[in-house]
Structures are given as structure tokens and as C-alpha cells.
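J.: Take this structure first; my questions come after.
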Amino acid sequence: MSELKKNAKIGIVGSGLIGRSWSMLFASVGYQVVLYDILPEQVQGALKATEKELSDLEKKGLLRGKLNAAQQFSCISGTNDIKELAKGAIFIQECIPENLDWKKDLFKKLDNVVESTTILSSSTSTFLPSLFTANLKHKHNTVVSHPVNPPYYVPLVEIVPAPWTNPEVVKKTRAIMDEIGQKPVTLSREIEGFALNRIQYAILNETWRLVEAGILNVKDIDSVMSDGLGMRYAFLGPLETAHLNAEGMANYFERYSKTIHAVSETMGPTPKMEGPMAKEISNQLNDMVPLDKLVERRTYRDNCLTHLSILKSKLNNN
């Protein structure tokens with residue numbers, strides 16, 4: 001066990017679902033993880049929930065890493081002292097709610113207590129890193145590591161530098177993400193929505209337009225993805241899918257570029273996603289998954305994602 005554990009310390013700020021997931025990921029390879037939140041009771045509640053989740057994963061045979069659940073949990077501790085969090089940490093992952101002022105305040109506090117080599121990473125899915133790191137002493141050590149919810153089951157991490165981020169910080173962050181079993185992609189520069197949300201929003205915009213035009217209802221729209229495109233894209237990205245759907249990508253462009261452009265020209269303006277249509281889409285979704293069934297449906301989602309991850313691992317290792 002001692003050979004699998006590490007002396008290096010990772011700090012996690014925020015004890016909600018994302019923070020707990022990051023804690024488990026880092027502990028899965030033996031990092032010494034310190035979970036920080038403002039109130040002691042929040043920290044203790046998070047540690048209790050994490051211990052139970054690790055145990056449940058182990059019972060189901062779904063635990064990541066080579067350490068068992070008890071060994072992994074022994075790598076995780078908690079604090080409500082930000083100085084204790086920062087002391088000796090090589091990497092700190094912020095996981096607080098998406099509020100820009102809160103992030104500015106937190107990163108300023110961290111900036112005052114971290115060591116000169118500590119990487120300060122944010123889980124934000126909304127804000128460009130330049131918006132909350134510009135005035136920091138250690139701004140060259142800042143980066144976004146945006147996970148996909150839930151990060152324990154979906155491995156993608158978008159690494160997004162600020163304009164002043166040291167390239168070595170980006171490289172080290174990517175290496176850490178590889179080490180804990182995530183699948184990092186590195187953006188060359190910051191851009192609104194990063195990559196995942198820009199693609200996701202394009203899909204959501206067109207699904208809105210198709211429902212608004214009465215072409216499909218919400219249930220059938222979701223089936224287009226879950227029973228069609230999504231089954232492809234779970235294993236191959238859209239570009240490789242297109243590459244395989246013709247005799248290579250050059251041939252695909254020759255065949256379909258004019259059609260793609262012509263159809264795209266009919267897609268209409270970007271919707272604001274408000275008003276009567278927002279209510280109609282919400283009502284249809286509530287019929288599909290009532291609000292009191294959301295927890296149950298999330299459990300189903302996580303179970304599907306876990307088994308999909310196992311299947312992909314088996315197929316890719318054969």
C-alpha cells in the first residue's frame with residue numbers, strides 16, 4: 001500500500017458533488033487530498049458521503065485505481081483553514097458555485113497563501129480564466145481544468161489557459177489529469193464556452209428550433225441523440241465518424257460539403273430559450289421525468305456512464 005500512496009498534496013476547494021468527485025479521483029492514485037470548505041460541518045458531511053461512495057463503488061466492482069476503498073479514503077482529509085489547505089499543495093482545484101465575484105474573492109485569498117509553484121486550477125464551465133486571475137501575483141500558475149459532470153464517470157477534462165498562463169503549468173496539469181485516469185484536451189487559448197459547451201449549445205439550439213417548429217417533440221428529439229448520434233459519438237468523435245462514413249474525410253467533403261452548408265443555412269437564428277416555448281419544453285420534460293424522479297434518473301445515468309466506461313476500456317484494451 002505504501003508504494004502506491006504518494007507524498008504529494010492536492011487541495012480541493014468546495015465539498016459539493018464536483019469537489020468530492022475530484023477528491024476521489026486524486027485519491028484513486030494515492031495523492032494526499034485535503035478537502036476545504038468554509039464550515040466544519042460541511043467538510044465532515046462531505047467526508048462521510050465520500051467514504052460511503054467509495055465503499056459502494058468497491059462493492060459494485062466499479063472503484064477506480066489500485067488502492068482499495070479504505071486505502072483511498074485514508075488519503076482524504078478535510079479542513080476549513082485555507083492556509084492549511086494551501087500549505088505544501090502542488091495543485092489546488094477550485095469547485096465552488098459559478099459566481100464570478102466568489103471566484104475572484106477565492107482566488108485572491110488563495111493567491112495570498114499558496115506557494116510560488118502551486119498550480120491554481122478552476123472547475124468553471126462558465127467563466128474565462130482571465131476574468132478572475134488577472135490581478136493575482138501567481139497568475140502565471142492559473143488554469144482552468146473543466147470536468148464533465150459527473151467527473152468520476154465521464155473522464156473528459158478541458159484544460160484552458162489564461163493569456164498569461166505559463167505553458168509548463170498547462171503541461172503539468174495535463175500530465176496530472178492523465179495520471180488520475182481522466183482524458184484531458186488542451187485548448188490553445190481561452191474562448192467563451194470552451195469546446196464542450198460550444199458543441200453542446202449548438203446541439204441544444206437546433207433541438208429548440210426543431211421543437212419550436214413542430215418538427216419533433218422533446219421525447220423524439222432526445223431519441224435522435226440517445227438512440228442515434230449518441231451511440232456513435234460515445235466511441236468515435238464527429239470528425240472520425242464522418243471520416244469512416246466515406247472513403248476518408250476528403251471524400252466526405254467532396255460528397256457532402258454542399259449539402260451540409262445548404263442545410264446549415266436553414267437553421268435559423270440563435271434562440272434565447274425563454275418565453276412560452278421554454279415552458280412547453282419544460283412541461284414535456286417534466287412529463288418524461290417528473291421532478292421527484294430526478295435523483296432516481298441521475299442514478300440511472302451514472303450507472304449507464306459507468307458501464308459505458310468499462311465497456312470502452314475493455315474494447316480499447318483488446
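Starting from 1 in every chain, residues are counted up; chains themselves are A, B, ... following the order of the C-alpha cells, and ligands are numbered from 1 as listed.
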Would you kindly return, as a compact mmCIF listing (two decimals) with C-alpha atoms, in the first residue's frame, each protein, DNA or RNA residue with an atom no farther than 12 Å from any atom of A:Asp178, considering only C-alpha atoms and excluding same-chain residues fewer than 5 positions away?

T.:
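Full text of selection_7.txt as output:
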# COMPACT_ATOMS: atom_id res chain seq x y z
CA LEU A 25 -10.10 10.81 -8.49
CA PHE A 26 -6.92 12.15 -6.93
CA VAL A 29 -3.85 7.06 -7.42
CA PRO A 155 -13.36 11.37 -17.97
CA LEU A 156 -13.07 14.41 -20.25
CA VAL A 157 -11.28 17.46 -18.81
CA ILE A 159 -7.62 22.45 -19.92
CA LYS A 171 1.75 20.63 -19.46
CA LYS A 172 1.91 19.69 -15.76
CA THR A 173 -1.86 19.97 -15.41
CA LYS A 183 -8.96 12.30 -20.65
CA PRO A 184 -7.63 15.85 -20.99
CA VAL A 185 -7.88 18.04 -24.07
CA THR A 186 -5.86 21.27 -24.20

J.: So that I can check the secondary structure, give me every residue of stretch 17-228 of chain A assigned helix (DSSP H, G or I) by backbone DSSP, as a tab-separated table (two decimals) with N, CA and C atoms, in the first residue's frame.

T.:
chain	number	residue	atom	x	y	z
A	17	LEU	N	-20.72	18.00	-4.99
A	17	LEU	CA	-20.56	16.82	-5.84
A	17	LEU	C	-19.26	16.86	-6.63
A	18	ILE	N	-18.95	18.01	-7.24
A	18	ILE	CA	-17.75	18.11	-8.08
A	18	ILE	C	-16.50	18.00	-7.21
A	19	GLY	N	-16.48	18.69	-6.09
A	19	GLY	CA	-15.32	18.62	-5.20
A	19	GLY	C	-15.08	17.22	-4.67
A	20	ARG	N	-16.14	16.53	-4.30
A	20	ARG	CA	-15.99	15.16	-3.80
A	20	ARG	C	-15.51	14.23	-4.91
A	21	SER	N	-16.02	14.44	-6.12
A	21	SER	CA	-15.58	13.61	-7.25
A	21	SER	C	-14.09	13.80	-7.53
A	22	TRP	N	-13.64	15.07	-7.55
A	22	TRP	CA	-12.21	15.33	-7.73
A	22	TRP	C	-11.40	14.67	-6.62
A	23	SER	N	-11.88	14.75	-5.39
A	23	SER	CA	-11.16	14.14	-4.27
A	23	SER	C	-10.96	12.65	-4.49
A	24	MET	N	-12.01	11.98	-4.94
A	24	MET	CA	-11.91	10.53	-5.17
A	24	MET	C	-10.96	10.23	-6.32
A	25	LEU	N	-10.99	11.04	-7.35
A	25	LEU	CA	-10.10	10.81	-8.49
A	25	LEU	C	-8.64	10.94	-8.09
A	26	PHE	N	-8.30	11.98	-7.36
A	26	PHE	CA	-6.92	12.15	-6.93
A	26	PHE	C	-6.50	11.07	-5.93
A	27	ALA	N	-7.41	10.71	-5.03
A	27	ALA	CA	-7.10	9.66	-4.04
A	27	ALA	C	-6.96	8.30	-4.70
A	40	PRO	N	-17.00	23.63	9.22
A	40	PRO	CA	-16.56	22.27	9.58
A	40	PRO	C	-17.61	21.20	9.29
A	41	GLU	N	-18.87	21.53	9.53
A	41	GLU	CA	-19.92	20.53	9.31
A	41	GLU	C	-20.06	20.18	7.83
A	42	GLN	N	-19.79	21.15	6.94
A	42	GLN	CA	-19.81	20.86	5.51
A	42	GLN	C	-18.70	19.88	5.15
A	43	VAL	N	-17.54	20.10	5.71
A	43	VAL	CA	-16.40	19.23	5.44
A	43	VAL	C	-16.67	17.82	5.96
A	44	GLN	N	-17.16	17.73	7.18
A	44	GLN	CA	-17.41	16.42	7.77
A	44	GLN	C	-18.50	15.67	7.02
A	45	GLY	N	-19.53	16.38	6.58
A	45	GLY	CA	-20.58	15.75	5.80
A	45	GLY	C	-20.05	15.24	4.47
A	46	ALA	N	-19.17	16.01	3.85
A	46	ALA	CA	-18.59	15.60	2.57
A	46	ALA	C	-17.69	14.38	2.75
A	47	LEU	N	-16.92	14.35	3.81
A	47	LEU	CA	-16.04	13.19	4.05
A	47	LEU	C	-16.87	11.93	4.29
A	48	LYS	N	-17.94	12.07	5.04
A	48	LYS	CA	-18.81	10.92	5.30
A	48	LYS	C	-19.44	10.41	4.00
A	49	ALA	N	-19.91	11.34	3.15
A	49	ALA	CA	-20.52	10.95	1.87
A	49	ALA	C	-19.48	10.30	0.95
A	50	THR	N	-18.26	10.82	0.97
A	50	THR	CA	-17.19	10.27	0.12
A	50	THR	C	-16.82	8.86	0.56
A	51	GLU	N	-16.72	8.64	1.86
A	51	GLU	CA	-16.40	7.30	2.37
A	51	GLU	C	-17.45	6.30	1.93
A	52	LYS	N	-18.72	6.68	2.02
A	52	LYS	CA	-19.81	5.79	1.62
A	52	LYS	C	-19.76	5.52	0.12
A	53	GLU	N	-19.51	6.55	-0.68
A	53	GLU	CA	-19.50	6.38	-2.14
A	53	GLU	C	-18.35	5.46	-2.57
A	54	LEU	N	-17.18	5.64	-1.96
A	54	LEU	CA	-16.05	4.77	-2.28
A	54	LEU	C	-16.37	3.32	-1.95
A	55	SER	N	-16.99	3.12	-0.79
A	55	SER	CA	-17.37	1.77	-0.37
A	55	SER	C	-18.39	1.15	-1.32
A	56	ASP	N	-19.38	1.96	-1.72
A	56	ASP	CA	-20.42	1.47	-2.64
A	56	ASP	C	-19.81	1.11	-4.00
A	57	LEU	N	-18.89	1.94	-4.48
A	57	LEU	CA	-18.23	1.66	-5.76
A	57	LEU	C	-17.43	0.37	-5.69
A	58	GLU	N	-16.76	0.16	-4.56
A	58	GLU	CA	-15.96	-1.05	-4.40
A	58	GLU	C	-16.86	-2.30	-4.40
A	59	LYS	N	-18.00	-2.22	-3.72
A	59	LYS	CA	-18.93	-3.35	-3.67
A	59	LYS	C	-19.47	-3.71	-5.06
A	69	ALA	N	-10.98	0.77	-1.25
A	69	ALA	CA	-11.77	1.93	-0.82
A	69	ALA	C	-11.24	2.52	0.48
A	70	ALA	N	-10.90	1.67	1.45
A	70	ALA	CA	-10.40	2.17	2.73
A	70	ALA	C	-9.06	2.88	2.55
A	71	GLN	N	-8.20	2.33	1.71
A	71	GLN	CA	-6.91	2.96	1.45
A	71	GLN	C	-7.09	4.31	0.76
A	72	GLN	N	-8.01	4.36	-0.19
A	72	GLN	CA	-8.26	5.63	-0.88
A	72	GLN	C	-8.82	6.66	0.09
A	73	PHE	N	-9.76	6.24	0.92
A	73	PHE	CA	-10.35	7.21	1.85
A	73	PHE	C	-9.32	7.70	2.86
A	74	SER	N	-8.36	6.87	3.20
A	74	SER	CA	-7.32	7.29	4.15
A	74	SER	C	-6.44	8.39	3.55
A	82	ILE	N	-7.94	27.79	5.21
A	82	ILE	CA	-7.41	27.91	3.85
A	82	ILE	C	-5.88	27.85	3.84
A	83	LYS	N	-5.24	28.29	4.91
A	83	LYS	CA	-3.78	28.20	4.98
A	83	LYS	C	-3.33	26.75	5.08
A	84	GLU	N	-4.07	25.95	5.85
A	84	GLU	CA	-3.75	24.53	5.96
A	84	GLU	C	-3.96	23.84	4.61
A	85	LEU	N	-5.02	24.24	3.91
A	85	LEU	CA	-5.27	23.70	2.57
A	85	LEU	C	-4.07	23.95	1.65
A	86	ALA	N	-3.57	25.18	1.67
A	86	ALA	CA	-2.56	25.60	0.69
A	86	ALA	C	-1.16	25.11	1.03
A	100	LEU	N	-18.99	34.73	-10.41
A	100	LEU	CA	-17.70	35.34	-10.74
A	100	LEU	C	-17.09	36.07	-9.55
A	101	ASP	N	-17.89	36.80	-8.81
A	101	ASP	CA	-17.36	37.54	-7.66
A	101	ASP	C	-16.80	36.58	-6.61
A	102	TRP	N	-17.49	35.46	-6.41
A	102	TRP	CA	-16.99	34.47	-5.44
A	102	TRP	C	-15.65	33.90	-5.89
A	103	LYS	N	-15.54	33.63	-7.18
A	103	LYS	CA	-14.28	33.07	-7.70
A	103	LYS	C	-13.14	34.09	-7.58
A	104	LYS	N	-13.42	35.36	-7.91
A	104	LYS	CA	-12.41	36.39	-7.75
A	104	LYS	C	-11.93	36.46	-6.31
A	105	ASP	N	-12.86	36.44	-5.39
A	105	ASP	CA	-12.53	36.53	-3.97
A	105	ASP	C	-11.71	35.32	-3.52
A	106	LEU	N	-12.13	34.13	-3.93
A	106	LEU	CA	-11.42	32.91	-3.53
A	106	LEU	C	-10.00	32.89	-4.09
A	107	PHE	N	-9.85	33.19	-5.38
A	107	PHE	CA	-8.52	33.13	-5.98
A	107	PHE	C	-7.59	34.19	-5.38
A	108	LYS	N	-8.16	35.32	-4.97
A	108	LYS	CA	-7.35	36.33	-4.29
A	108	LYS	C	-6.85	35.80	-2.95
A	109	LYS	N	-7.74	35.12	-2.22
A	109	LYS	CA	-7.35	34.53	-0.93
A	109	LYS	C	-6.30	33.44	-1.12
A	110	LEU	N	-6.49	32.60	-2.12
A	110	LEU	CA	-5.51	31.55	-2.39
A	110	LEU	C	-4.17	32.15	-2.80
A	111	ASP	N	-4.24	33.20	-3.59
A	111	ASP	CA	-3.03	33.86	-4.08
A	111	ASP	C	-2.15	34.35	-2.93
A	112	ASN	N	-2.79	34.70	-1.83
A	112	ASN	CA	-2.06	35.24	-0.68
A	112	ASN	C	-1.41	34.16	0.19
A	113	VAL	N	-1.80	32.90	-0.01
A	113	VAL	CA	-1.30	31.85	0.89
A	113	VAL	C	-0.59	30.70	0.18
A	130	SER	N	-9.21	34.41	-17.52
A	130	SER	CA	-8.71	35.78	-17.41
A	130	SER	C	-9.63	36.66	-16.57
A	131	LEU	N	-10.89	36.28	-16.43
A	131	LEU	CA	-11.85	37.11	-15.70
A	131	LEU	C	-11.63	37.10	-14.19
A	132	PHE	N	-10.98	36.06	-13.67
A	132	PHE	CA	-10.79	36.01	-12.21
A	132	PHE	C	-9.34	35.79	-11.78
A	133	THR	N	-8.40	35.90	-12.72
A	133	THR	CA	-6.99	35.69	-12.36
A	133	THR	C	-6.09	36.86	-12.74
A	139	LYS	N	-0.56	34.68	-11.14
A	139	LYS	CA	-1.47	34.44	-12.26
A	139	LYS	C	-0.86	33.52	-13.32
A	140	HIS	N	0.47	33.45	-13.39
A	140	HIS	CA	1.11	32.57	-14.36
A	140	HIS	C	0.89	31.09	-14.01
A	141	ASN	N	0.45	30.82	-12.78
A	141	ASN	CA	0.21	29.43	-12.34
A	141	ASN	C	-1.26	29.06	-12.38
A	167	PRO	N	3.21	28.03	-19.99
A	167	PRO	CA	2.98	26.77	-20.73
A	167	PRO	C	3.34	25.53	-19.93
A	168	GLU	N	4.31	25.63	-19.03
A	168	GLU	CA	4.67	24.48	-18.20
A	168	GLU	C	3.54	24.09	-17.26
A	169	VAL	N	2.76	25.08	-16.82
A	169	VAL	CA	1.61	24.79	-15.97
A	169	VAL	C	0.57	23.98	-16.73
A	170	VAL	N	0.37	24.33	-17.98
A	170	VAL	CA	-0.57	23.59	-18.82
A	170	VAL	C	-0.09	22.15	-18.99
A	171	LYS	N	1.19	21.98	-19.27
A	171	LYS	CA	1.75	20.63	-19.46
A	171	LYS	C	1.65	19.81	-18.18
A	172	LYS	N	1.97	20.42	-17.04
A	172	LYS	CA	1.91	19.69	-15.76
A	172	LYS	C	0.47	19.31	-15.43
A	173	THR	N	-0.45	20.25	-15.69
A	173	THR	CA	-1.86	19.97	-15.41
A	173	THR	C	-2.36	18.80	-16.26
A	174	ARG	N	-2.00	18.81	-17.54
A	174	ARG	CA	-2.40	17.71	-18.41
A	174	ARG	C	-1.81	16.39	-17.94
A	175	ALA	N	-0.56	16.40	-17.51
A	175	ALA	CA	0.08	15.18	-17.02
A	175	ALA	C	-0.62	14.65	-15.78
A	176	ILE	N	-1.03	15.55	-14.88
A	176	ILE	CA	-1.76	15.13	-13.68
A	176	ILE	C	-3.10	14.51	-14.05
A	177	MET	N	-3.80	15.13	-15.01
A	177	MET	CA	-5.10	14.59	-15.43
A	177	MET	C	-4.94	13.21	-16.07
A	178	ASP	N	-3.90	13.04	-16.86
A	178	ASP	CA	-3.61	11.71	-17.42
A	178	ASP	C	-3.35	10.71	-16.30
A	179	GLU	N	-2.59	11.14	-15.31
A	179	GLU	CA	-2.19	10.25	-14.21
A	179	GLU	C	-3.39	9.74	-13.42
A	196	LEU	N	-16.44	22.00	-25.20
A	196	LEU	CA	-17.59	21.13	-24.95
A	196	LEU	C	-18.90	21.89	-24.98
A	197	ASN	N	-18.96	23.03	-24.29
A	197	ASN	CA	-20.22	23.76	-24.24
A	197	ASN	C	-20.55	24.43	-25.57
A	198	ARG	N	-19.54	24.82	-26.35
A	198	ARG	CA	-19.84	25.38	-27.67
A	198	ARG	C	-20.53	24.32	-28.55
A	199	ILE	N	-20.04	23.09	-28.46
A	199	ILE	CA	-20.66	22.00	-29.23
A	199	ILE	C	-22.03	21.65	-28.64
A	200	GLN	N	-22.09	21.59	-27.30
A	200	GLN	CA	-23.36	21.26	-26.64
A	200	GLN	C	-24.42	22.31	-26.94
A	201	TYR	N	-24.04	23.59	-26.93
A	201	TYR	CA	-25.01	24.65	-27.19
A	201	TYR	C	-25.51	24.61	-28.63
A	202	ALA	N	-24.63	24.24	-29.56
A	202	ALA	CA	-25.07	24.11	-30.96
A	202	ALA	C	-26.15	23.05	-31.08
A	203	ILE	N	-25.99	21.94	-30.35
A	203	ILE	CA	-26.99	20.88	-30.35
A	203	ILE	C	-28.28	21.37	-29.71
A	204	LEU	N	-28.17	22.01	-28.54
A	204	LEU	CA	-29.37	22.49	-27.85
A	204	LEU	C	-30.11	23.53	-28.68
A	205	ASN	N	-29.38	24.39	-29.35
A	205	ASN	CA	-30.04	25.40	-30.19
A	205	ASN	C	-30.87	24.76	-31.30
A	206	GLU	N	-30.33	23.74	-31.95
A	206	GLU	CA	-31.08	23.12	-33.04
A	206	GLU	C	-32.23	22.26	-32.52
A	207	THR	N	-32.05	21.61	-31.36
A	207	THR	CA	-33.18	20.86	-30.79
A	207	THR	C	-34.32	21.82	-30.45
A	208	TRP	N	-34.00	22.99	-29.91
A	208	TRP	CA	-35.03	24.00	-29.63
A	208	TRP	C	-35.76	24.38	-30.91
A	209	ARG	N	-35.00	24.66	-31.97
A	209	ARG	CA	-35.64	25.10	-33.21
A	209	ARG	C	-36.55	24.02	-33.78
A	210	LEU	N	-36.14	22.75	-33.69
A	210	LEU	CA	-36.96	21.67	-34.23
A	210	LEU	C	-38.25	21.48	-33.43
A	211	VAL	N	-38.18	21.64	-32.11
A	211	VAL	CA	-39.39	21.55	-31.28
A	211	VAL	C	-40.28	22.77	-31.54
A	212	GLU	N	-39.67	23.93	-31.60
A	212	GLU	CA	-40.43	25.17	-31.82
A	212	GLU	C	-41.18	25.13	-33.16
A	218	VAL	N	-40.20	16.69	-27.71
A	218	VAL	CA	-39.00	16.58	-26.89
A	218	VAL	C	-38.51	15.13	-26.78
A	219	LYS	N	-39.44	14.21	-26.58
A	219	LYS	CA	-39.05	12.80	-26.43
A	219	LYS	C	-38.35	12.29	-27.68
A	220	ASP	N	-38.90	12.59	-28.84
A	220	ASP	CA	-38.30	12.11	-30.09
A	220	ASP	C	-36.97	12.81	-30.39
A	221	ILE	N	-36.89	14.10	-30.04
A	221	ILE	CA	-35.61	14.81	-30.20
A	221	ILE	C	-34.52	14.11	-29.39
A	222	ASP	N	-34.81	13.78	-28.14
A	222	ASP	CA	-33.81	13.11	-27.30
A	222	ASP	C	-33.45	11.73	-27.85
A	223	SER	N	-34.42	11.07	-28.47
A	223	SER	CA	-34.15	9.76	-29.07
A	223	SER	C	-33.19	9.87	-30.24
A	224	VAL	N	-33.26	10.97	-30.99
A	224	VAL	CA	-32.32	11.19	-32.10
A	224	VAL	C	-30.89	11.11	-31.58
A	225	MET	N	-30.66	11.64	-30.39
A	225	MET	CA	-29.31	11.61	-29.82
A	225	MET	C	-29.03	10.29	-29.11
A	226	SER	N	-29.90	9.89	-28.18
A	226	SER	CA	-29.60	8.72	-27.34
A	226	SER	C	-29.62	7.41	-28.12
A	227	ASP	N	-30.47	7.32	-29.16
A	227	ASP	CA	-30.57	6.09	-29.95
A	227	ASP	C	-29.91	6.21	-31.33
A	228	GLY	N	-29.32	7.36	-31.61
A	228	GLY	CA	-28.70	7.57	-32.92
A	228	GLY	C	-27.30	8.13	-32.80

J.: If I take atom CA of A:Pro129 and atom CA of A:Gly181, how far is one from the other in Å, to one decimal?

T.: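 If I compute the distance from atom CA of A:Pro129 to atom CA of A:Gly181, I get 23.9 Å.
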
J.: What gap, in Å, lies between atom CA of A:Tyr233 and atom CA of A:Asn303?

T.: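 Computing it gives 18.4 Å between the two atoms.
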
J.: From stretch 74-182 of chain A, collect each residue whose DSSP state is strand (DSSP E or B) and return the set as a list in words.

T.: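 Answer for stretch 74-182 of chain A, restricted to strand (DSSP E or B): Ile76, Ser77, Gly78, Thr79, Ala89, Ile90, Phe91, Ile92, Gln93, Glu94, Ile119, Leu120, Ser121, Ser122, Thr142, Val143, Val144, Ser145, His146, Pro147, Leu156, Val157, Glu158, Ile159, Val160 and Pro161 of chain A.
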
J.: Between atom CA of A:Ser121 and atom CA of A:Leu305, what is the distance in Å, rounded to a tenth?

T.: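 Rounded to one decimal, the two atoms are 25.3 Å apart.
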
J.: Under the rule that only C-alpha atoms are counted, which of A:Thr259, A:Gln32, A:Asn217, A:Thr266 is the nearest residue to A:Glu280?

T.: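 Comparing A:Thr259, A:Gln32, A:Asn217, A:Thr266 against A:Glu280, the winner is A:Asn217.
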
J.: Find the residue from A:Glu296, A:Ile92, A:Ala278, A:Thr241 that sits nearest to A:Tyr36; use only C-alpha atoms when measuring.

T.: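 For A:Tyr36, the nearest of the given residues is A:Ile92.
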